[in-house]
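J.: Structure incoming, see below.
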There are 2 protein chains.
Amino acid sequence: MAALDGCVVPEPDAARVAATRDRLVTPDEATRLAELFRLLGDPTRARLLYALLEAGELCVCDLADAVEVTDTAVSHALRLLRTAGIVASRRAGRMIYYRLADAHVRMLLDLSREHLKETG
Amino acid sequence: MAALDGCVVPEPDAARVAATRDRLVTPDEATRLAELFRLLGDPTRARLLYALLEAGELCVCDLADAVEVTDTAVSHALRLLRTAGIVASRRAGRMIYYRLADAHVRMLLDLSREHLKETG
DNA sequence: ACAACACCTGAAGAGCTATTCATATGTGCA
DNA sequence: TGCACATATGAATAGCTCTTCAGGTGTTGT
């Protein structure tokens, strides 16, 4: 791409860009990070996760009730979150209880609320 | 929420009620949070943001070079991030320098990398 | 065994999104 | 003023995603 040649005159910028490219997340890592955020970036899934953040552990039917969507939609959503390692599940009889997978996910959800508070 | 039906406190004191209300996420708030995550949940935008996280401040053409996408695509991506308050811009001559908008965004990006490292 | 229940899965269509092309705006320089 | 550069914008299409529907699996109680 010729954008670099036209934009960066041989000046401090060139060194900065080179240094940036070295420390840049690899395409693979960026893709996986985007995938993580993409999974949080759906209203239904986000509401499920924040419900779990507050309640700690909920079964599918309780989640469907809390988020006000069909249990099928909840099940589809939870499958994506589960296979991505964002939530974990535990069977108790015929019910399956879901919870947030780890502390990082909890911190992520908390931090984003902070951002929302300050930016309106 | 059905899971909390048993948690009836006869005389809720004001402080705890306030704290609880502060902790609760309304459907509207969850939807806005999902919108925030959705914007981070695209490979191009994610790579732009991580480039800014590491470089501090970059112009559009430098970003296009770093992420290896056309400057038009970068411009479109930055517009979404800018209007959402995720990045901020500063004009210097004919170039426009972009940076992450606030510390919460930076922490968010850092935290998600931690999550990725630990979960594989 | 059977029925009821809680949950899961595959397929399909409506709706949304990201990229591209073409064009426009704004800035610096001669 | 005219030109080159850096970035922004609008429109359109290809590709993706969420929801729904229909049916499937596993569990409990009778």
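Residues in the structure tokens are named by chain (A, B, ... in the order shown) and by number from 1 within that chain; ligands are numbered from 1 in the order shown.
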What's around range 70-77 of chain A at 10 Å? Count only C-alpha atoms (C1' of nucleotides), leave out sequence neighbours fewer than 3 positions away in its own chain, and write the answer as a list in words.

T.: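 Here the qualifying residues turn out to be Leu39, Asp42, Thr44, Arg45, Ala46, Leu48, Val60, Cys61, Asp62, Leu63, Ala64, Asp65, Val67, Leu80, Leu81 and Arg82 of chain A; DA6, DC7, DC8 and DT9 of chain C; DC18, DT19 and DT20 of chain D.
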
J.: Which residues, written as a ChimeraX atom specification, have at least one atom at most 9 Å from range 108-111 of chain B, with only C-alpha atoms (C1' of nucleotides) counted and residues fewer than 2 positions away on the same chain left out?

T.: /A:33,104-105,107-108,111-112 /B:46,49-50,53,103-106,113-116

J.: Mind fitting chain B onto chain A over all Cα atoms in sequence order and sending the result as a tab-separated table (two decimals) with N, CA, C and O atoms, in the first residue's frame?

T.:
chain	number	residue	atom	x	y	z
B	1	MET	N	-0.91	3.26	4.71
B	1	MET	CA	-2.00	4.23	4.90
B	1	MET	C	-1.59	5.61	4.43
B	1	MET	O	-0.54	6.12	4.83
B	2	ALA	N	-2.39	6.25	3.66
B	2	ALA	CA	-2.01	7.50	3.02
B	2	ALA	C	-1.71	8.60	4.04
B	2	ALA	O	-0.83	9.42	3.83
B	3	ALA	N	-2.43	8.58	5.16
B	3	ALA	CA	-2.26	9.63	6.15
B	3	ALA	C	-0.90	9.56	6.83
B	3	ALA	O	-0.45	10.51	7.43
B	4	LEU	N	-0.25	8.40	6.72
B	4	LEU	CA	1.03	8.24	7.41
B	4	LEU	C	2.21	8.29	6.46
B	4	LEU	O	3.35	8.05	6.85
B	5	ASP	N	1.96	8.64	5.20
B	5	ASP	CA	3.01	8.62	4.21
B	5	ASP	C	4.16	9.56	4.57
B	5	ASP	O	5.31	9.30	4.25
B	6	GLY	N	3.84	10.64	5.24
B	6	GLY	CA	4.87	11.60	5.56
B	6	GLY	C	5.72	11.23	6.76
B	6	GLY	O	6.74	11.83	7.01
B	7	CYS	N	5.34	10.20	7.47
B	7	CYS	CA	6.03	9.84	8.70
B	7	CYS	C	7.15	8.86	8.42
B	7	CYS	O	7.10	7.70	8.84
B	8	VAL	N	8.16	9.30	7.70
B	8	VAL	CA	9.26	8.39	7.37
B	8	VAL	C	10.42	8.59	8.34
B	8	VAL	O	11.02	9.66	8.40
B	9	VAL	N	10.75	7.55	9.05
B	9	VAL	CA	11.87	7.59	9.99
B	9	VAL	C	13.04	6.84	9.35
B	9	VAL	O	12.92	5.67	9.03
B	10	PRO	N	14.17	7.53	9.18
B	10	PRO	CA	15.32	6.90	8.50
B	10	PRO	C	15.80	5.61	9.16
B	10	PRO	O	15.97	4.61	8.51
B	11	GLU	N	16.03	5.68	10.46
B	11	GLU	CA	16.55	4.49	11.14
B	11	GLU	C	15.62	4.10	12.28
B	11	GLU	O	15.79	4.54	13.41
B	12	PRO	N	14.64	3.24	11.98
B	12	PRO	CA	13.71	2.81	13.02
B	12	PRO	C	14.40	1.88	14.01
B	12	PRO	O	15.02	0.91	13.62
B	13	ASP	N	14.32	2.22	15.28
B	13	ASP	CA	14.96	1.33	16.25
B	13	ASP	C	14.02	0.18	16.58
B	13	ASP	O	12.81	0.30	16.51
B	14	ALA	N	14.61	-0.93	16.94
B	14	ALA	CA	13.88	-2.20	17.08
B	14	ALA	C	12.74	-2.11	18.09
B	14	ALA	O	11.66	-2.63	17.86
B	15	ALA	N	13.00	-1.42	19.18
B	15	ALA	CA	11.99	-1.35	20.23
B	15	ALA	C	10.72	-0.67	19.73
B	15	ALA	O	9.61	-1.14	19.98
B	16	ARG	N	10.92	0.43	19.01
B	16	ARG	CA	9.75	1.16	18.54
B	16	ARG	C	9.01	0.38	17.46
B	16	ARG	O	7.78	0.41	17.39
B	17	VAL	N	9.75	-0.32	16.63
B	17	VAL	CA	9.11	-1.14	15.60
B	17	VAL	C	8.26	-2.23	16.25
B	17	VAL	O	7.13	-2.48	15.86
B	18	ALA	N	8.83	-2.86	17.26
B	18	ALA	CA	8.10	-3.92	17.96
B	18	ALA	C	6.85	-3.36	18.62
B	18	ALA	O	5.78	-3.95	18.54
B	19	ALA	N	7.01	-2.20	19.25
B	19	ALA	CA	5.87	-1.59	19.92
B	19	ALA	C	4.79	-1.23	18.91
B	19	ALA	O	3.60	-1.42	19.16
B	20	THR	N	5.21	-0.72	17.78
B	20	THR	CA	4.25	-0.35	16.74
B	20	THR	C	3.53	-1.57	16.20
B	20	THR	O	2.32	-1.56	16.02
B	21	ARG	N	4.27	-2.62	15.95
B	21	ARG	CA	3.67	-3.83	15.42
B	21	ARG	C	2.66	-4.40	16.42
B	21	ARG	O	1.62	-4.92	16.04
B	22	ASP	N	3.00	-4.26	17.67
B	22	ASP	CA	2.10	-4.76	18.70
B	22	ASP	C	0.81	-3.96	18.74
B	22	ASP	O	-0.25	-4.47	19.06
B	23	ARG	N	0.91	-2.70	18.39
B	23	ARG	CA	-0.24	-1.81	18.43
B	23	ARG	C	-1.12	-1.95	17.20
B	23	ARG	O	-2.28	-1.62	17.21
B	24	LEU	N	-0.54	-2.44	16.11
B	24	LEU	CA	-1.27	-2.54	14.86
B	24	LEU	C	-2.29	-3.66	14.90
B	24	LEU	O	-2.03	-4.73	15.43
B	25	VAL	N	-3.42	-3.40	14.29
B	25	VAL	CA	-4.47	-4.40	14.21
B	25	VAL	C	-4.57	-4.91	12.78
B	25	VAL	O	-4.85	-4.16	11.86
B	26	THR	N	-4.31	-6.17	12.60
B	26	THR	CA	-4.40	-6.76	11.27
B	26	THR	C	-5.87	-6.93	10.87
B	26	THR	O	-6.74	-7.00	11.74
B	27	PRO	N	-6.15	-7.00	9.57
B	27	PRO	CA	-7.52	-7.23	9.12
B	27	PRO	C	-8.14	-8.48	9.74
B	27	PRO	O	-9.31	-8.47	10.13
B	28	ASP	N	-7.34	-9.51	9.85
B	28	ASP	CA	-7.84	-10.74	10.45
B	28	ASP	C	-8.21	-10.54	11.91
B	28	ASP	O	-9.25	-10.98	12.38
B	29	GLU	N	-7.34	-9.83	12.62
B	29	GLU	CA	-7.60	-9.57	14.04
B	29	GLU	C	-8.85	-8.71	14.21
B	29	GLU	O	-9.69	-8.98	15.08
B	30	ALA	N	-9.00	-7.72	13.35
B	30	ALA	CA	-10.18	-6.86	13.42
B	30	ALA	C	-11.45	-7.66	13.16
B	30	ALA	O	-12.48	-7.43	13.80
B	31	THR	N	-11.36	-8.60	12.26
B	31	THR	CA	-12.52	-9.44	11.97
B	31	THR	C	-12.90	-10.29	13.17
B	31	THR	O	-14.08	-10.45	13.50
B	32	ARG	N	-11.88	-10.83	13.85
B	32	ARG	CA	-12.16	-11.63	15.04
B	32	ARG	C	-12.70	-10.76	16.17
B	32	ARG	O	-13.53	-11.20	16.96
B	33	LEU	N	-12.22	-9.55	16.26
B	33	LEU	CA	-12.75	-8.62	17.26
B	33	LEU	C	-14.20	-8.28	16.97
B	33	LEU	O	-15.02	-8.19	17.88
B	34	ALA	N	-14.51	-8.12	15.68
B	34	ALA	CA	-15.89	-7.85	15.29
B	34	ALA	C	-16.78	-9.01	15.71
B	34	ALA	O	-17.90	-8.81	16.19
B	35	GLU	N	-16.27	-10.21	15.56
B	35	GLU	CA	-17.04	-11.39	15.96
B	35	GLU	C	-17.34	-11.36	17.46
B	35	GLU	O	-18.46	-11.68	17.90
B	36	LEU	N	-16.34	-10.96	18.24
B	36	LEU	CA	-16.55	-10.82	19.68
B	36	LEU	C	-17.64	-9.80	19.98
B	36	LEU	O	-18.57	-10.08	20.75
B	37	PHE	N	-17.55	-8.63	19.36
B	37	PHE	CA	-18.55	-7.59	19.61
B	37	PHE	C	-19.93	-8.01	19.11
B	37	PHE	O	-20.94	-7.71	19.73
B	38	ARG	N	-19.95	-8.72	17.99
B	38	ARG	CA	-21.23	-9.14	17.43
B	38	ARG	C	-21.99	-10.02	18.43
B	38	ARG	O	-23.20	-9.93	18.55
B	39	LEU	N	-21.23	-10.85	19.15
B	39	LEU	CA	-21.87	-11.74	20.12
B	39	LEU	C	-22.45	-10.96	21.29
B	39	LEU	O	-23.45	-11.37	21.89
B	40	LEU	N	-21.84	-9.84	21.63
B	40	LEU	CA	-22.38	-8.99	22.70
B	40	LEU	C	-23.51	-8.11	22.18
B	40	LEU	O	-24.24	-7.52	22.97
B	41	GLY	N	-23.65	-8.03	20.88
B	41	GLY	CA	-24.55	-7.07	20.26
B	41	GLY	C	-25.95	-7.59	20.00
B	41	GLY	O	-26.57	-7.21	19.02
B	42	ASP	N	-26.43	-8.43	20.89
B	42	ASP	CA	-27.82	-8.91	20.80
B	42	ASP	C	-28.48	-8.69	22.15
B	42	ASP	O	-27.90	-9.00	23.19
B	43	PRO	N	-29.68	-8.13	22.17
B	43	PRO	CA	-30.34	-7.78	23.43
B	43	PRO	C	-30.42	-8.95	24.40
B	43	PRO	O	-30.11	-8.79	25.59
B	44	THR	N	-30.79	-10.11	23.92
B	44	THR	CA	-30.89	-11.28	24.79
B	44	THR	C	-29.53	-11.64	25.38
B	44	THR	O	-29.38	-11.80	26.59
B	45	ARG	N	-28.53	-11.75	24.53
B	45	ARG	CA	-27.20	-12.12	25.01
B	45	ARG	C	-26.63	-11.05	25.94
B	45	ARG	O	-26.00	-11.35	26.96
B	46	ALA	N	-26.85	-9.79	25.59
B	46	ALA	CA	-26.36	-8.71	26.44
B	46	ALA	C	-26.98	-8.80	27.82
B	46	ALA	O	-26.28	-8.68	28.84
B	47	ARG	N	-28.27	-9.03	27.89
B	47	ARG	CA	-28.94	-9.10	29.19
B	47	ARG	C	-28.45	-10.32	29.97
B	47	ARG	O	-28.30	-10.25	31.20
B	48	LEU	N	-28.20	-11.41	29.28
B	48	LEU	CA	-27.64	-12.58	29.96
B	48	LEU	C	-26.29	-12.24	30.57
B	48	LEU	O	-26.02	-12.57	31.73
B	49	LEU	N	-25.46	-11.57	29.82
B	49	LEU	CA	-24.12	-11.27	30.29
B	49	LEU	C	-24.15	-10.29	31.47
B	49	LEU	O	-23.39	-10.46	32.43
B	50	TYR	N	-25.02	-9.30	31.40
B	50	TYR	CA	-25.10	-8.35	32.51
B	50	TYR	C	-25.71	-9.01	33.75
B	50	TYR	O	-25.37	-8.65	34.88
B	51	ALA	N	-26.59	-9.97	33.53
B	51	ALA	CA	-27.11	-10.72	34.67
B	51	ALA	C	-25.98	-11.50	35.33
B	51	ALA	O	-25.87	-11.54	36.56
B	52	LEU	N	-25.12	-12.10	34.52
B	52	LEU	CA	-23.98	-12.85	35.05
B	52	LEU	C	-22.96	-11.91	35.70
B	52	LEU	O	-22.34	-12.26	36.71
B	53	LEU	N	-22.82	-10.74	35.13
B	53	LEU	CA	-21.90	-9.76	35.72
B	53	LEU	C	-22.31	-9.41	37.14
B	53	LEU	O	-21.48	-9.26	38.02
B	54	GLU	N	-23.60	-9.32	37.36
B	54	GLU	CA	-24.09	-8.91	38.67
B	54	GLU	C	-24.26	-10.08	39.63
B	54	GLU	O	-24.01	-9.95	40.83
B	55	ALA	N	-24.65	-11.22	39.09
B	55	ALA	CA	-24.92	-12.36	39.97
B	55	ALA	C	-23.70	-13.25	40.16
B	55	ALA	O	-23.64	-14.02	41.12
B	56	GLY	N	-22.74	-13.16	39.27
B	56	GLY	CA	-21.56	-14.01	39.37
B	56	GLY	C	-21.76	-15.33	38.66
B	56	GLY	O	-20.99	-15.70	37.79
B	57	GLU	N	-22.79	-16.05	39.08
B	57	GLU	CA	-23.01	-17.37	38.51
B	57	GLU	C	-24.50	-17.70	38.59
B	57	GLU	O	-25.12	-17.50	39.63
B	58	LEU	N	-25.07	-18.17	37.47
B	58	LEU	CA	-26.49	-18.50	37.42
B	58	LEU	C	-26.71	-19.72	36.53
B	58	LEU	O	-25.98	-19.91	35.56
B	59	CYS	N	-27.73	-20.51	36.86
B	59	CYS	CA	-28.07	-21.64	36.00
B	59	CYS	C	-29.00	-21.16	34.89
B	59	CYS	O	-29.49	-20.03	34.92
B	60	VAL	N	-29.23	-22.04	33.93
B	60	VAL	CA	-29.98	-21.66	32.73
B	60	VAL	C	-31.39	-21.20	33.06
B	60	VAL	O	-31.86	-20.19	32.55
B	61	CYS	N	-32.07	-21.92	33.94
B	61	CYS	CA	-33.46	-21.56	34.23
B	61	CYS	C	-33.53	-20.23	34.98
B	61	CYS	O	-34.46	-19.45	34.76
B	62	ASP	N	-32.56	-19.95	35.83
B	62	ASP	CA	-32.52	-18.65	36.51
B	62	ASP	C	-32.29	-17.53	35.50
B	62	ASP	O	-32.88	-16.46	35.59
B	63	LEU	N	-31.39	-17.79	34.55
B	63	LEU	CA	-31.12	-16.80	33.52
B	63	LEU	C	-32.36	-16.55	32.67
B	63	LEU	O	-32.69	-15.41	32.34
B	64	ALA	N	-33.06	-17.63	32.33
B	64	ALA	CA	-34.28	-17.50	31.52
B	64	ALA	C	-35.30	-16.65	32.25
B	64	ALA	O	-35.98	-15.82	31.64
B	65	ASP	N	-35.40	-16.85	33.55
B	65	ASP	CA	-36.34	-16.08	34.35
B	65	ASP	C	-35.93	-14.62	34.44
B	65	ASP	O	-36.75	-13.71	34.33
B	66	ALA	N	-34.63	-14.40	34.64
B	66	ALA	CA	-34.13	-13.04	34.81
B	66	ALA	C	-34.30	-12.23	33.52
B	66	ALA	O	-34.66	-11.06	33.55
B	67	VAL	N	-34.04	-12.85	32.39
B	67	VAL	CA	-34.05	-12.14	31.12
B	67	VAL	C	-35.43	-12.23	30.46
B	67	VAL	O	-35.71	-11.53	29.50
B	68	GLU	N	-36.28	-13.10	31.00
B	68	GLU	CA	-37.64	-13.27	30.48
B	68	GLU	C	-37.65	-13.74	29.04
B	68	GLU	O	-38.25	-13.12	28.16
B	69	VAL	N	-36.93	-14.82	28.82
B	69	VAL	CA	-36.87	-15.47	27.51
B	69	VAL	C	-36.99	-16.96	27.77
B	69	VAL	O	-36.69	-17.42	28.87
B	70	THR	N	-37.45	-17.72	26.79
B	70	THR	CA	-37.56	-19.17	26.96
B	70	THR	C	-36.19	-19.79	27.24
B	70	THR	O	-35.16	-19.28	26.80
B	71	ASP	N	-36.20	-20.90	27.99
B	71	ASP	CA	-34.92	-21.55	28.30
B	71	ASP	C	-34.23	-22.06	27.04
B	71	ASP	O	-33.01	-22.14	26.98
B	72	THR	N	-35.01	-22.39	26.04
B	72	THR	CA	-34.41	-22.81	24.76
B	72	THR	C	-33.62	-21.67	24.13
B	72	THR	O	-32.48	-21.87	23.69
B	73	ALA	N	-34.20	-20.50	24.11
B	73	ALA	CA	-33.52	-19.34	23.54
B	73	ALA	C	-32.25	-19.04	24.34
B	73	ALA	O	-31.20	-18.73	23.77
B	74	VAL	N	-32.35	-19.17	25.68
B	74	VAL	CA	-31.18	-18.95	26.52
B	74	VAL	C	-30.10	-19.96	26.21
B	74	VAL	O	-28.92	-19.63	26.10
B	75	SER	N	-30.49	-21.20	26.03
B	75	SER	CA	-29.53	-22.26	25.75
B	75	SER	C	-28.79	-22.00	24.43
B	75	SER	O	-27.58	-22.16	24.35
B	76	HIS	N	-29.56	-21.61	23.44
B	76	HIS	CA	-28.95	-21.27	22.15
B	76	HIS	C	-27.98	-20.11	22.32
B	76	HIS	O	-26.86	-20.14	21.80
B	77	ALA	N	-28.39	-19.09	23.04
B	77	ALA	CA	-27.55	-17.92	23.23
B	77	ALA	C	-26.27	-18.29	23.98
B	77	ALA	O	-25.17	-17.88	23.60
B	78	LEU	N	-26.42	-19.11	25.03
B	78	LEU	CA	-25.26	-19.48	25.84
B	78	LEU	C	-24.26	-20.33	25.05
B	78	LEU	O	-23.06	-20.27	25.28
B	79	ARG	N	-24.79	-21.12	24.14
B	79	ARG	CA	-23.89	-21.95	23.33
B	79	ARG	C	-22.95	-21.07	22.52
B	79	ARG	O	-21.74	-21.34	22.43
B	80	LEU	N	-23.50	-20.02	21.92
B	80	LEU	CA	-22.66	-19.10	21.15
B	80	LEU	C	-21.62	-18.45	22.04
B	80	LEU	O	-20.44	-18.36	21.70
B	81	LEU	N	-22.06	-17.99	23.22
B	81	LEU	CA	-21.15	-17.31	24.13
B	81	LEU	C	-20.09	-18.27	24.69
B	81	LEU	O	-18.95	-17.88	24.91
B	82	ARG	N	-20.50	-19.51	24.90
B	82	ARG	CA	-19.57	-20.51	25.46
B	82	ARG	C	-18.50	-20.88	24.45
B	82	ARG	O	-17.31	-20.89	24.76
B	83	THR	N	-18.92	-21.18	23.23
B	83	THR	CA	-17.95	-21.58	22.21
B	83	THR	C	-17.02	-20.43	21.84
B	83	THR	O	-15.93	-20.67	21.31
B	84	ALA	N	-17.44	-19.22	22.12
B	84	ALA	CA	-16.59	-18.06	21.83
B	84	ALA	C	-15.69	-17.74	23.01
B	84	ALA	O	-14.87	-16.82	22.94
B	85	GLY	N	-15.85	-18.45	24.12
B	85	GLY	CA	-15.00	-18.21	25.28
B	85	GLY	C	-15.39	-16.99	26.07
B	85	GLY	O	-14.57	-16.43	26.80
B	86	ILE	N	-16.64	-16.56	25.93
B	86	ILE	CA	-17.10	-15.38	26.66
B	86	ILE	C	-17.68	-15.78	28.02
B	86	ILE	O	-17.56	-15.05	28.99
B	87	VAL	N	-18.32	-16.93	28.06
B	87	VAL	CA	-18.79	-17.46	29.34
B	87	VAL	C	-18.22	-18.86	29.53
B	87	VAL	O	-17.77	-19.51	28.59
B	88	ALA	N	-18.22	-19.31	30.78
B	88	ALA	CA	-17.79	-20.66	31.11
B	88	ALA	C	-18.90	-21.33	31.91
B	88	ALA	O	-19.73	-20.66	32.52
B	89	SER	N	-18.91	-22.66	31.89
B	89	SER	CA	-19.99	-23.37	32.56
B	89	SER	C	-19.46	-24.41	33.53
B	89	SER	O	-18.32	-24.86	33.43
B	90	ARG	N	-20.31	-24.80	34.47
B	90	ARG	CA	-19.96	-25.76	35.50
B	90	ARG	C	-21.22	-26.55	35.81
B	90	ARG	O	-22.28	-25.97	36.04
B	91	ARG	N	-21.09	-27.85	35.78
B	91	ARG	CA	-22.28	-28.68	36.05
B	91	ARG	C	-22.38	-28.98	37.55
B	91	ARG	O	-21.39	-29.32	38.19
B	92	ALA	N	-23.60	-28.87	38.07
B	92	ALA	CA	-23.87	-29.22	39.47
B	92	ALA	C	-25.19	-29.98	39.48
B	92	ALA	O	-26.25	-29.37	39.44
B	93	GLY	N	-25.10	-31.28	39.50
B	93	GLY	CA	-26.31	-32.08	39.40
B	93	GLY	C	-26.88	-31.97	38.01
B	93	GLY	O	-26.15	-32.10	37.03
B	94	ARG	N	-28.17	-31.71	37.93
B	94	ARG	CA	-28.72	-31.54	36.58
B	94	ARG	C	-28.70	-30.10	36.12
B	94	ARG	O	-29.04	-29.80	35.00
B	95	MET	N	-28.32	-29.21	36.99
B	95	MET	CA	-28.22	-27.81	36.58
B	95	MET	C	-26.81	-27.51	36.07
B	95	MET	O	-25.83	-28.13	36.47
B	96	ILE	N	-26.73	-26.52	35.21
B	96	ILE	CA	-25.45	-26.06	34.70
B	96	ILE	C	-25.33	-24.58	34.98
B	96	ILE	O	-26.16	-23.78	34.55
B	97	TYR	N	-24.30	-24.23	35.73
B	97	TYR	CA	-24.11	-22.84	36.12
B	97	TYR	C	-23.16	-22.16	35.15
B	97	TYR	O	-22.10	-22.69	34.82
B	98	TYR	N	-23.55	-20.97	34.74
B	98	TYR	CA	-22.74	-20.18	33.82
B	98	TYR	C	-22.16	-18.96	34.54
B	98	TYR	O	-22.77	-18.40	35.43
B	99	ARG	N	-20.98	-18.57	34.07
B	99	ARG	CA	-20.33	-17.37	34.62
B	99	ARG	C	-19.54	-16.69	33.49
B	99	ARG	O	-19.25	-17.34	32.47
B	100	LEU	N	-19.17	-15.43	33.69
B	100	LEU	CA	-18.34	-14.74	32.72
B	100	LEU	C	-16.97	-15.38	32.71
B	100	LEU	O	-16.43	-15.75	33.75
B	101	ALA	N	-16.38	-15.51	31.54
B	101	ALA	CA	-15.17	-16.31	31.38
B	101	ALA	C	-13.93	-15.67	32.01
B	101	ALA	O	-13.14	-16.35	32.65
B	102	ASP	N	-13.76	-14.38	31.84
B	102	ASP	CA	-12.54	-13.75	32.37
B	102	ASP	C	-12.77	-12.28	32.73
B	102	ASP	O	-13.84	-11.72	32.53
B	103	ALA	N	-11.72	-11.70	33.28
B	103	ALA	CA	-11.82	-10.33	33.79
B	103	ALA	C	-12.00	-9.32	32.66
B	103	ALA	O	-12.65	-8.28	32.85
B	104	HIS	N	-11.45	-9.62	31.49
B	104	HIS	CA	-11.57	-8.67	30.39
B	104	HIS	C	-13.02	-8.50	29.95
B	104	HIS	O	-13.45	-7.39	29.64
B	105	VAL	N	-13.74	-9.60	29.93
B	105	VAL	CA	-15.16	-9.52	29.58
B	105	VAL	C	-15.89	-8.65	30.59
B	105	VAL	O	-16.70	-7.80	30.24
B	106	ARG	N	-15.58	-8.85	31.87
B	106	ARG	CA	-16.22	-8.05	32.91
B	106	ARG	C	-15.90	-6.57	32.73
B	106	ARG	O	-16.78	-5.71	32.81
B	107	MET	N	-14.63	-6.27	32.47
B	107	MET	CA	-14.25	-4.87	32.27
B	107	MET	C	-14.93	-4.28	31.05
B	107	MET	O	-15.36	-3.12	31.05
B	108	LEU	N	-15.06	-5.11	30.01
B	108	LEU	CA	-15.72	-4.67	28.79
B	108	LEU	C	-17.16	-4.25	29.07
B	108	LEU	O	-17.62	-3.21	28.61
B	109	LEU	N	-17.85	-5.07	29.83
B	109	LEU	CA	-19.25	-4.78	30.15
B	109	LEU	C	-19.37	-3.54	31.04
B	109	LEU	O	-20.26	-2.72	30.86
B	110	ASP	N	-18.44	-3.41	31.98
B	110	ASP	CA	-18.43	-2.24	32.86
B	110	ASP	C	-18.18	-0.96	32.06
B	110	ASP	O	-18.88	0.03	32.21
B	111	LEU	N	-17.17	-1.04	31.23
B	111	LEU	CA	-16.75	0.13	30.46
B	111	LEU	C	-17.86	0.63	29.55
B	111	LEU	O	-18.06	1.84	29.39
B	112	SER	N	-18.59	-0.29	28.96
B	112	SER	CA	-19.65	0.13	28.03
B	112	SER	C	-20.79	0.80	28.78
B	112	SER	O	-21.44	1.69	28.24
B	113	ARG	N	-21.00	0.38	30.02
B	113	ARG	CA	-22.03	1.07	30.81
B	113	ARG	C	-21.59	2.49	31.12
B	113	ARG	O	-22.41	3.41	31.11
B	114	GLU	N	-20.31	2.66	31.37
B	114	GLU	CA	-19.78	4.01	31.59
B	114	GLU	C	-20.04	4.87	30.35
B	114	GLU	O	-20.50	6.01	30.47
B	115	HIS	N	-19.73	4.29	29.21
B	115	HIS	CA	-19.93	5.04	27.96
B	115	HIS	C	-21.38	5.47	27.82
B	115	HIS	O	-21.68	6.60	27.48
B	116	LEU	N	-22.28	4.54	28.12
B	116	LEU	CA	-23.72	4.83	27.99
B	116	LEU	C	-24.14	5.93	28.95
B	116	LEU	O	-24.93	6.80	28.60
B	117	LYS	N	-23.61	5.89	30.16
B	117	LYS	CA	-23.97	6.89	31.15
B	117	LYS	C	-23.56	8.28	30.70
B	117	LYS	O	-24.29	9.25	30.87
B	118	GLU	N	-22.37	8.40	30.11
B	118	GLU	CA	-21.83	9.71	29.79
B	118	GLU	C	-22.35	10.27	28.49
B	118	GLU	O	-22.41	11.48	28.32
B	119	THR	N	-22.70	9.41	27.57
B	119	THR	CA	-23.20	9.89	26.29
B	119	THR	C	-24.71	9.97	26.26
B	119	THR	O	-25.30	10.40	25.28
B	120	GLY	N	-25.37	9.54	27.34
B	120	GLY	CA	-26.81	9.57	27.36
B	120	GLY	C	-27.35	8.36	26.66
B	120	GLY	O	-28.25	8.40	25.90

J.: Can you work out which one of C:DA12, C:DA1, C:DA22, C:DG28 has the shortest atom-to-atom distance to chain B, counting only C-alpha atoms (C1' of nucleotides)?

T.: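 Between C:DA12, C:DA1, C:DA22, C:DG28, the residue approaching chain B most closely is C:DG28.
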
J.: Kindly give the distance, in Å, that separates C1' of DT23 in chain C and C1' of DC16 in chain D, rounded to a single decimal.

T.: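 So the two atoms, C1' of DT23 in chain C and C1' of DC16 in chain D, lie 28.0 Å apart.
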